[in-house]
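In what follows, a structure is listed as C-alpha cells, so that the remarks can point back to it.
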Amino acid sequence: MLRILIAAVTLLATPLLAQEDVVVDLSQNRVDITATFAGSNIFVFGAVKREAPLPEGTGPLDVAIVIEGPLETVTVRKKEKKLGIWVNSDSVEVHEAPSFFTIATTRPLEDMLTEGDRRDYAIGLDFAVRPQGPTQGDVESFAEAVSRIRQDEGLYSQREEIVNLTEDTLFEADIRLPANLVEGDYNVRIYLVRDKNIVSDASVGIEVRKAGLEAWLYNLSREYALLYGLLSIFVALAAGYGASEAFRRLKR
Amino acid sequence: MQIYLPIAEVSVNMFVLLGLGGLVGMLSGIFGVGGGFLMTPILIMIGIPPAVAVATEANQIVASSFSGVLAHFKRKTVDIKMGLILMLGGLVGATLGVQIFKYLKSIGQVELLVTLSYVVFLGLVGGMMFVESLNAIRRSGKPGALPKKKKHNWIHGLPFKTRFRTSGLYISVIPPIVVGVAVGILAAIMGVGGGFIMVPAMIYMLGMPTKVVVGTSLFQIIFVTAYTTLSHAMQNYTVDGILAVLLILGGVIGAQIGTRIGVKLKAEQLRILLAAMVLLMCGKLALDLLLMPSELFSIGTGGH
C-alpha cells in the first residue's frame with residue numbers, strides 16, 4: 001500500500017519528464033594548502049540514473065558544474081578624481097560574494113538554460129555575486145566590479161564545453177583550482193539540464209584548509225599574537241647576526 | 001618555485017622575493033637606510049595586500065638593520081646615546097602610527113595616506129639631498145672654497161642640552177626626540193625604518209658628522225621597527241612569517257655586500273645616488289595618484 005502511494009506521488013511530481021537522477025563524486029573532498037601549494041585539480045565525475053527509458057522527442061542532455069567558495073561580505077570602493085588626484089570615495093558593501101567561483105559546462109550556457117534559471121540558481125559569472133535586499137543606488141556596478149576584478153585574478157571563471165558527456169550517461173570534468181585559493185568550505189553543485197529545464201541536481205562539499213607549516217603559522221598569529229610577534233623579531237635578529245658572522249668569517 | 005604565504009594568502013614566486021630582498025638589502029647596506037621605502041611599494045605592486053606589506057617589511061628591516069649595525073659597531077661609528085634618545089621618540093611615534101594606520105584601514109583610506117606620505121616625503125628629502133650634494137660636488141671642484149662653518153641656528157638655543165661624545169655635539173635633547181617621534185609615525189604608517197628621513201635630519205638638522213649618521217640611524221631603527229612589528233602582529237595580524245623569512249634571507253646577505261661597497265664610496269657620491277633613487281620612486285608614486293587607474297573599483301574584506 002505504502003509503496004503504491006510513494007510511486008503515485010513520484011509520478012505526480014514529474015508527470016512529463018522521465019525520471020533522471022544524477023549521481024556524483026569527486027577525486028578528493030579535501031584540498032590542503034601547504035607552503036608549496038600551486039593550485040590543485042578537482043576531478044568531478046558522475047552518472048545519470050534512469051528508472052525508465054526516455055520518451056521519444058526529448059532534447060539532448062547537458063551538464064553544468066559549479067564550484068563555489070564560501071560566501072562573504074566585501075566592501076567595494078570606487079576611486080574618484082578629487083583635487084586632481086584619484087582617491088577612494090564611494091563604498092558599498094556587497095553581500096553574498098563567493099571567494100571563488102568557477103563554472104564548467106557541456107555547451108555554452110546561454111544555449112542550455114534560460115536567464116531566469118541561471119539567475120535563480122546562480123549559474124554563470126554574471127550571477128556569481130548576488131547582492132541582496134533593496135538595491136541601494138548603484139550596487140549593480142559595484143557587484144559587477146567584484147566579478148570583473150576576481151576574473152582578472154583568476155578566482156572567477158567560466159569554462160564552457162569542458163565537461164565530457166558519454167552516451168548521455170557518464171560525465172566527467174577536470175577543474176582547476178588556482179594557487180591563490182583561500183580557506184573555507186567549498187561547494188560543488190551539479191545540474192542536469194534537458195530542454196532548458198533543470199531535471200536533477202546534486203551537491204558535494206570540498207574542504208579547503210591550510211595545512212602543515214601554513215596552518216601552524218596562521219593559527220599562531222591569531223591565537224598567540226604576542227608570541228608570534230616576538231618569534232618574528234627573534235628570527236630577524238638571528239638572521240641579521242648570522243649573516244654578519246658568516247661574512248666576517250668569509251673575509252678572513 | 002611558487003610559495004603560498006599563510007597570512008597574505010597569495011602565492012608568489014620564491015626567487016622573486018629572495019632577489020628583491022637581496023637587492024634592497026644591498027642598497028640598505030650602502031646608504032644606511034632600511035630600504036623599506038623601495039620594498040613596501042614593490043611588494044604592493046606584486047600583489048601583497050598593503051597592510052601585510054607594511055607590517056612584514058617592518059620585520060625585515062629589523063634583520064637588515066641589525067646585520068648592518070654590527071659592522072658599524074666594529075668601526076665605532078654608532079652614537080649610542082643619540083640612538084637611545086631618538087629611539088624613545090621613535091617608540092612614541094610608532095604607537096601613534098599604528099593607531100592612525102588602524103583607523104584609516106577601517107575607512108578605506110590607508111592606501112591614499114601611504115602613497116601621499118611617500119610622495120611628499122620622498123619628494124622633499126630627495127630634492128633637498130640632490131641639490132645639496134650637487135653643490136657639495138661643485139664646491140669640491142674649486143680649490144680653496146671650503147664649506148661654510150657650522151651655523152649657530154635656533155636649535156642651539158633650546159634647553160636640556162647634553163653632550164654627545166661620539167658625534168662631538170653639545171645640543172638640546174628636544175630636536176632628537178621630535179625627529180624620533182616624526183620618524184616613528186612614518187615607520188608605522190609607511191612600513192619603513194625611516195632612515196631616508198632620519199639620515200638627512202641628522203645631518204642637516206642635528207648637525208651630526210656624516211660618518212656616525214648611518215650607524216646611529218640603523219641602531220635606533222632596529223628598536224623602532226621591532227616595536228612596529230610587534231604592534232602590527234598583535235593589533236592587525238598582518239605580519240607574514242614566510243614572506244618575512246624570504247625577504248630577510250635575501251636582505252641580510254645583500255646588506256653585508258652593501259656595507260662593504262658603501263665604505264668605498266665617497267659621501268657626496270653616496271648622497272647623490274640615494275637622492276636620485278628617492279626621487280625616482282617619488283615620481284612613480286605621484287603618477288599613480290595623478291593618472292586615471294585602469295580599474296576604478298577595489299575590494300576590501302569584511303563589512304562593518
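Chain identifiers are assigned as A, B, and so on, following the order in which chains appear in the C-alpha cells; residues are numbered from 1 within each chain, and ligands are numbered from 1 in order of appearance.
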I need the chain B residues near chain A as a VMD selection string; criterion: at most 7 Å, counting only C-alpha atoms. chain B and resid 2 to 4 6 to 7 9 to 11 59 to 60 62 to 64 66 to 67 109 112 226 229 to 230 233 to 234 237 241 248 252 to 253 256 289 to 290 292 296 to 303
Resulting file, chosen residues, N, CA and C atoms, as a short mmCIF file (atom, residue, chain, number, x, y, z; two decimals), in the first residue's frame:
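This went into result00.cif:
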data_model
loop_
_atom_site.label_atom_id
_atom_site.label_comp_id
_atom_site.auth_asym_id
_atom_site.auth_seq_id
_atom_site.Cartn_x
_atom_site.Cartn_y
_atom_site.Cartn_z
N GLN B 2 56.81 28.44 -6.82
CA GLN B 2 55.75 29.19 -6.15
C GLN B 2 55.70 28.83 -4.67
N ILE B 3 55.39 29.81 -3.85
CA ILE B 3 55.21 29.53 -2.43
C ILE B 3 53.98 30.28 -1.93
N TYR B 4 53.19 29.59 -1.09
CA TYR B 4 51.94 30.18 -0.59
C TYR B 4 52.21 30.89 0.73
N PRO B 6 51.09 32.33 4.17
CA PRO B 6 49.95 31.99 5.03
C PRO B 6 49.12 33.19 5.48
N ILE B 7 49.72 34.35 5.68
CA ILE B 7 48.95 35.49 6.18
C ILE B 7 48.44 36.34 5.01
N GLU B 9 47.91 35.23 2.11
CA GLU B 9 47.01 34.35 1.36
C GLU B 9 47.13 34.54 -0.15
N VAL B 10 48.35 34.70 -0.61
CA VAL B 10 48.60 34.71 -2.04
C VAL B 10 49.80 33.81 -2.30
N SER B 11 49.91 33.37 -3.56
CA SER B 11 51.02 32.52 -3.94
C SER B 11 51.98 33.35 -4.78
N ASN B 59 59.30 44.04 9.83
CA ASN B 59 60.02 42.88 10.38
C ASN B 59 61.33 42.64 9.62
N GLN B 60 61.30 42.80 8.32
CA GLN B 60 62.51 42.58 7.53
C GLN B 60 63.58 43.62 7.87
N VAL B 62 64.14 44.97 10.65
CA VAL B 62 64.82 44.59 11.90
C VAL B 62 66.07 43.79 11.56
N ALA B 63 65.91 42.83 10.68
CA ALA B 63 67.04 41.95 10.33
C ALA B 63 68.13 42.70 9.59
N SER B 64 67.75 43.47 8.55
CA SER B 64 68.79 44.11 7.76
C SER B 64 69.51 45.20 8.57
N PHE B 66 69.93 45.20 11.87
CA PHE B 66 70.78 44.55 12.87
C PHE B 66 72.06 44.05 12.23
N SER B 67 71.92 43.43 11.07
CA SER B 67 73.08 42.94 10.34
C SER B 67 74.02 44.10 10.00
N GLN B 109 41.07 54.42 3.60
CA GLN B 109 41.95 55.45 3.04
C GLN B 109 43.42 55.18 3.31
N LEU B 112 45.72 55.65 0.27
CA LEU B 112 45.94 57.06 -0.09
C LEU B 112 46.97 57.69 0.84
N ALA B 226 61.27 46.84 15.38
CA ALA B 226 60.91 45.66 16.18
C ALA B 226 59.60 45.94 16.91
N THR B 229 56.74 45.96 14.38
CA THR B 229 56.39 44.60 14.02
C THR B 229 55.46 43.99 15.06
N LEU B 230 55.84 44.16 16.30
CA LEU B 230 55.05 43.59 17.40
C LEU B 230 53.65 44.20 17.44
N ALA B 233 51.62 42.90 14.55
CA ALA B 233 51.32 41.48 14.76
C ALA B 233 50.16 41.32 15.75
N MET B 234 50.16 42.17 16.79
CA MET B 234 49.15 42.00 17.83
C MET B 234 47.84 42.70 17.51
N TYR B 237 47.25 41.67 12.93
CA TYR B 237 47.55 40.30 12.45
C TYR B 237 48.06 40.30 11.01
N GLY B 241 54.96 35.53 8.33
CA GLY B 241 56.21 34.89 8.71
C GLY B 241 57.03 34.40 7.53
N ILE B 248 64.12 38.46 4.42
CA ILE B 248 65.26 38.58 5.33
C ILE B 248 66.46 37.84 4.78
N VAL B 252 69.65 40.11 4.37
CA VAL B 252 70.84 40.16 5.21
C VAL B 252 72.11 39.95 4.38
N ILE B 253 72.02 39.09 3.39
CA ILE B 253 73.18 38.84 2.54
C ILE B 253 73.48 40.11 1.73
N GLN B 256 75.14 42.91 3.82
CA GLN B 256 76.57 42.71 4.08
C GLN B 256 77.42 43.17 2.90
N LEU B 289 48.94 58.49 -8.53
CA LEU B 289 47.86 59.31 -7.99
C LEU B 289 47.23 60.19 -9.07
N LEU B 290 48.06 60.63 -10.03
CA LEU B 290 47.60 61.61 -11.00
C LEU B 290 46.91 60.98 -12.21
N MET B 292 44.66 58.30 -14.40
CA MET B 292 43.44 57.55 -14.14
C MET B 292 43.76 56.06 -14.07
N LEU B 296 38.79 51.24 -11.57
CA LEU B 296 38.38 52.25 -10.58
C LEU B 296 37.94 51.63 -9.26
N PHE B 297 37.52 50.35 -9.33
CA PHE B 297 37.00 49.71 -8.13
C PHE B 297 38.08 48.89 -7.44
N SER B 298 37.93 48.71 -6.13
CA SER B 298 38.82 47.81 -5.41
C SER B 298 38.01 47.11 -4.33
N ILE B 299 38.47 45.89 -3.98
CA ILE B 299 37.74 45.09 -3.00
C ILE B 299 38.47 45.10 -1.67
N GLY B 300 37.78 45.46 -0.62
CA GLY B 300 38.32 45.33 0.73
C GLY B 300 37.57 44.22 1.42
N THR B 301 38.19 43.59 2.42
CA THR B 301 37.49 42.46 3.05
C THR B 301 36.62 42.95 4.18
N GLY B 302 35.56 42.17 4.42
CA GLY B 302 34.72 42.38 5.58
C GLY B 302 33.79 43.57 5.48
N GLY B 303 32.70 43.50 6.21
CA GLY B 303 31.78 44.63 6.29
C GLY B 303 32.05 45.38 7.57
#
Considering only strand (DSSP E) as DSSP defines it on the backbone, what residues of segment 29-255 of chain B qualify? List them as a PyMOL selection string. chain B and resi 161-164+169-172
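Residues lying within 6 Å of segment 77-92 of chain B, counting only C-alpha atoms and ignoring same-chain neighbours fewer than 2 positions away, are His72, Arg75, Ala94, Thr95, Thr166, Pro176, Ile177, Gly180, Val181, Gly184, Val212, Gly215, Thr216, Gln220 and Val224 of chain B.
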I need the residues from that last selection saved to file as a PDB file, in the first residue's frame (with N, CA and C atoms), if you can.
ATOM      1  N   HIS B  72      78.957  48.505  11.865  1.00  0.00           N
ATOM      2  CA  HIS B  72      79.229  49.864  12.332  1.00  0.00           C
ATOM      3  C   HIS B  72      79.737  49.875  13.768  1.00  0.00           C
ATOM      4  N   ARG B  75      83.363  49.422  13.745  1.00  0.00           N
ATOM      5  CA  ARG B  75      84.102  50.618  13.332  1.00  0.00           C
ATOM      6  C   ARG B  75      83.875  51.782  14.297  1.00  0.00           C
ATOM      7  N   ALA B  94      55.771  55.453  16.849  1.00  0.00           N
ATOM      8  CA  ALA B  94      55.275  54.204  16.276  1.00  0.00           C
ATOM      9  C   ALA B  94      53.922  53.827  16.870  1.00  0.00           C
ATOM     10  N   THR B  95      53.761  54.067  18.186  1.00  0.00           N
ATOM     11  CA  THR B  95      52.477  53.780  18.836  1.00  0.00           C
ATOM     12  C   THR B  95      51.364  54.587  18.177  1.00  0.00           C
ATOM     13  N   THR B 166      80.342  60.819  20.850  1.00  0.00           N
ATOM     14  CA  THR B 166      80.681  60.193  19.568  1.00  0.00           C
ATOM     15  C   THR B 166      80.452  61.154  18.402  1.00  0.00           C
ATOM     16  N   PRO B 176      66.293  65.816  18.804  1.00  0.00           N
ATOM     17  CA  PRO B 176      66.324  64.376  18.515  1.00  0.00           C
ATOM     18  C   PRO B 176      65.010  63.663  18.854  1.00  0.00           C
ATOM     19  N   ILE B 177      64.370  64.086  19.958  1.00  0.00           N
ATOM     20  CA  ILE B 177      63.105  63.441  20.339  1.00  0.00           C
ATOM     21  C   ILE B 177      62.027  63.736  19.299  1.00  0.00           C
ATOM     22  N   GLY B 180      62.677  61.779  16.301  1.00  0.00           N
ATOM     23  CA  GLY B 180      62.332  60.386  16.602  1.00  0.00           C
ATOM     24  C   GLY B 180      60.842  60.125  16.493  1.00  0.00           C
ATOM     25  N   VAL B 181      60.023  60.999  17.083  1.00  0.00           N
ATOM     26  CA  VAL B 181      58.563  60.831  17.043  1.00  0.00           C
ATOM     27  C   VAL B 181      58.071  60.855  15.589  1.00  0.00           C
ATOM     28  N   GLY B 184      59.065  57.802  13.775  1.00  0.00           N
ATOM     29  CA  GLY B 184      58.330  56.655  14.306  1.00  0.00           C
ATOM     30  C   GLY B 184      56.937  56.540  13.697  1.00  0.00           C
ATOM     31  N   VAL B 212      79.056  59.041  11.522  1.00  0.00           N
ATOM     32  CA  VAL B 212      78.307  58.329  12.564  1.00  0.00           C
ATOM     33  C   VAL B 212      76.809  58.247  12.249  1.00  0.00           C
ATOM     34  N   GLY B 215      75.388  54.533  11.071  1.00  0.00           N
ATOM     35  CA  GLY B 215      75.368  53.551  12.153  1.00  0.00           C
ATOM     36  C   GLY B 215      74.327  53.881  13.206  1.00  0.00           C
ATOM     37  N   THR B 216      74.240  55.159  13.574  1.00  0.00           N
ATOM     38  CA  THR B 216      73.292  55.573  14.604  1.00  0.00           C
ATOM     39  C   THR B 216      71.854  55.413  14.118  1.00  0.00           C
ATOM     40  N   GLN B 220      68.942  52.862  15.951  1.00  0.00           N
ATOM     41  CA  GLN B 220      67.618  53.174  16.509  1.00  0.00           C
ATOM     42  C   GLN B 220      66.499  52.544  15.674  1.00  0.00           C
ATOM     43  N   VAL B 224      62.805  50.622  16.786  1.00  0.00           N
ATOM     44  CA  VAL B 224      61.512  51.143  16.341  1.00  0.00           C
ATOM     45  C   VAL B 224      60.793  50.123  15.451  1.00  0.00           C
TER      46      VAL B 224
END
From a DSSP calculation on the backbone, collect every residue of segment 107-207 of chain B in alpha helix (DSSP H) and output the set as a ChimeraX atom specification. /B:110-141,174-190,195-200
Hey, can you spit out that residue selection with C-alpha atoms as a CSV table (one decimal), in the first residue's frame?
chain,number,residue,atom,x,y,z
B,110,VAL,CA,45.1,53.7,4.1
B,111,GLU,CA,46.3,53.3,0.6
B,112,LEU,CA,45.9,57.1,-0.1
B,113,LEU,CA,47.7,58.0,3.1
B,114,VAL,CA,50.6,55.7,2.4
B,115,THR,CA,51.0,56.9,-1.2
B,116,LEU,CA,50.7,60.6,-0.2
B,117,SER,CA,53.2,60.3,2.6
B,118,TYR,CA,55.6,58.6,0.2
B,119,VAL,CA,55.2,61.3,-2.5
B,120,VAL,CA,55.6,64.2,-0.1
B,121,PHE,CA,58.5,62.9,2.0
B,122,LEU,CA,60.4,61.2,-0.8
B,123,GLY,CA,60.0,64.4,-2.9
B,124,LEU,CA,61.1,66.7,-0.1
B,125,VAL,CA,64.0,64.6,1.1
B,126,GLY,CA,65.2,63.6,-2.3
B,127,GLY,CA,65.0,67.1,-3.7
B,128,MET,CA,66.9,68.6,-0.8
B,129,MET,CA,69.6,66.0,-0.9
B,130,PHE,CA,70.0,66.2,-4.6
B,131,VAL,CA,70.6,70.0,-4.6
B,132,GLU,CA,72.8,69.8,-1.5
B,133,SER,CA,75.1,67.1,-2.9
B,134,LEU,CA,75.3,68.8,-6.3
B,135,ASN,CA,76.5,72.0,-4.5
B,136,ALA,CA,79.0,69.9,-2.5
B,137,ILE,CA,80.4,68.3,-5.6
B,138,ARG,CA,80.7,71.7,-7.3
B,139,ARG,CA,82.5,73.2,-4.3
B,140,SER,CA,85.0,70.4,-4.1
B,141,GLY,CA,85.9,71.1,-7.7
B,174,ILE,CA,64.4,68.2,22.2
B,175,PRO,CA,65.3,68.1,18.4
B,176,PRO,CA,66.3,64.4,18.5
B,177,ILE,CA,63.1,63.4,20.3
B,178,VAL,CA,61.0,65.4,17.9
B,179,VAL,CA,62.8,63.8,14.9
B,180,GLY,CA,62.3,60.4,16.6
B,181,VAL,CA,58.6,60.8,17.0
B,182,ALA,CA,58.1,62.0,13.5
B,183,VAL,CA,60.1,59.1,12.0
B,184,GLY,CA,58.3,56.7,14.3
B,185,ILE,CA,54.9,57.7,13.0
B,186,LEU,CA,56.1,57.3,9.4
B,187,ALA,CA,57.8,54.0,10.2
B,188,ALA,CA,54.4,52.5,11.3
B,189,ILE,CA,52.3,54.0,8.5
B,190,MET,CA,54.7,53.6,5.6
B,195,GLY,CA,66.3,56.1,7.5
B,196,PHE,CA,65.7,58.2,4.4
B,197,ILE,CA,64.3,60.9,6.6
B,198,MET,CA,66.4,60.2,9.7
B,199,VAL,CA,69.7,60.4,7.8
B,200,PRO,CA,69.2,63.9,6.3
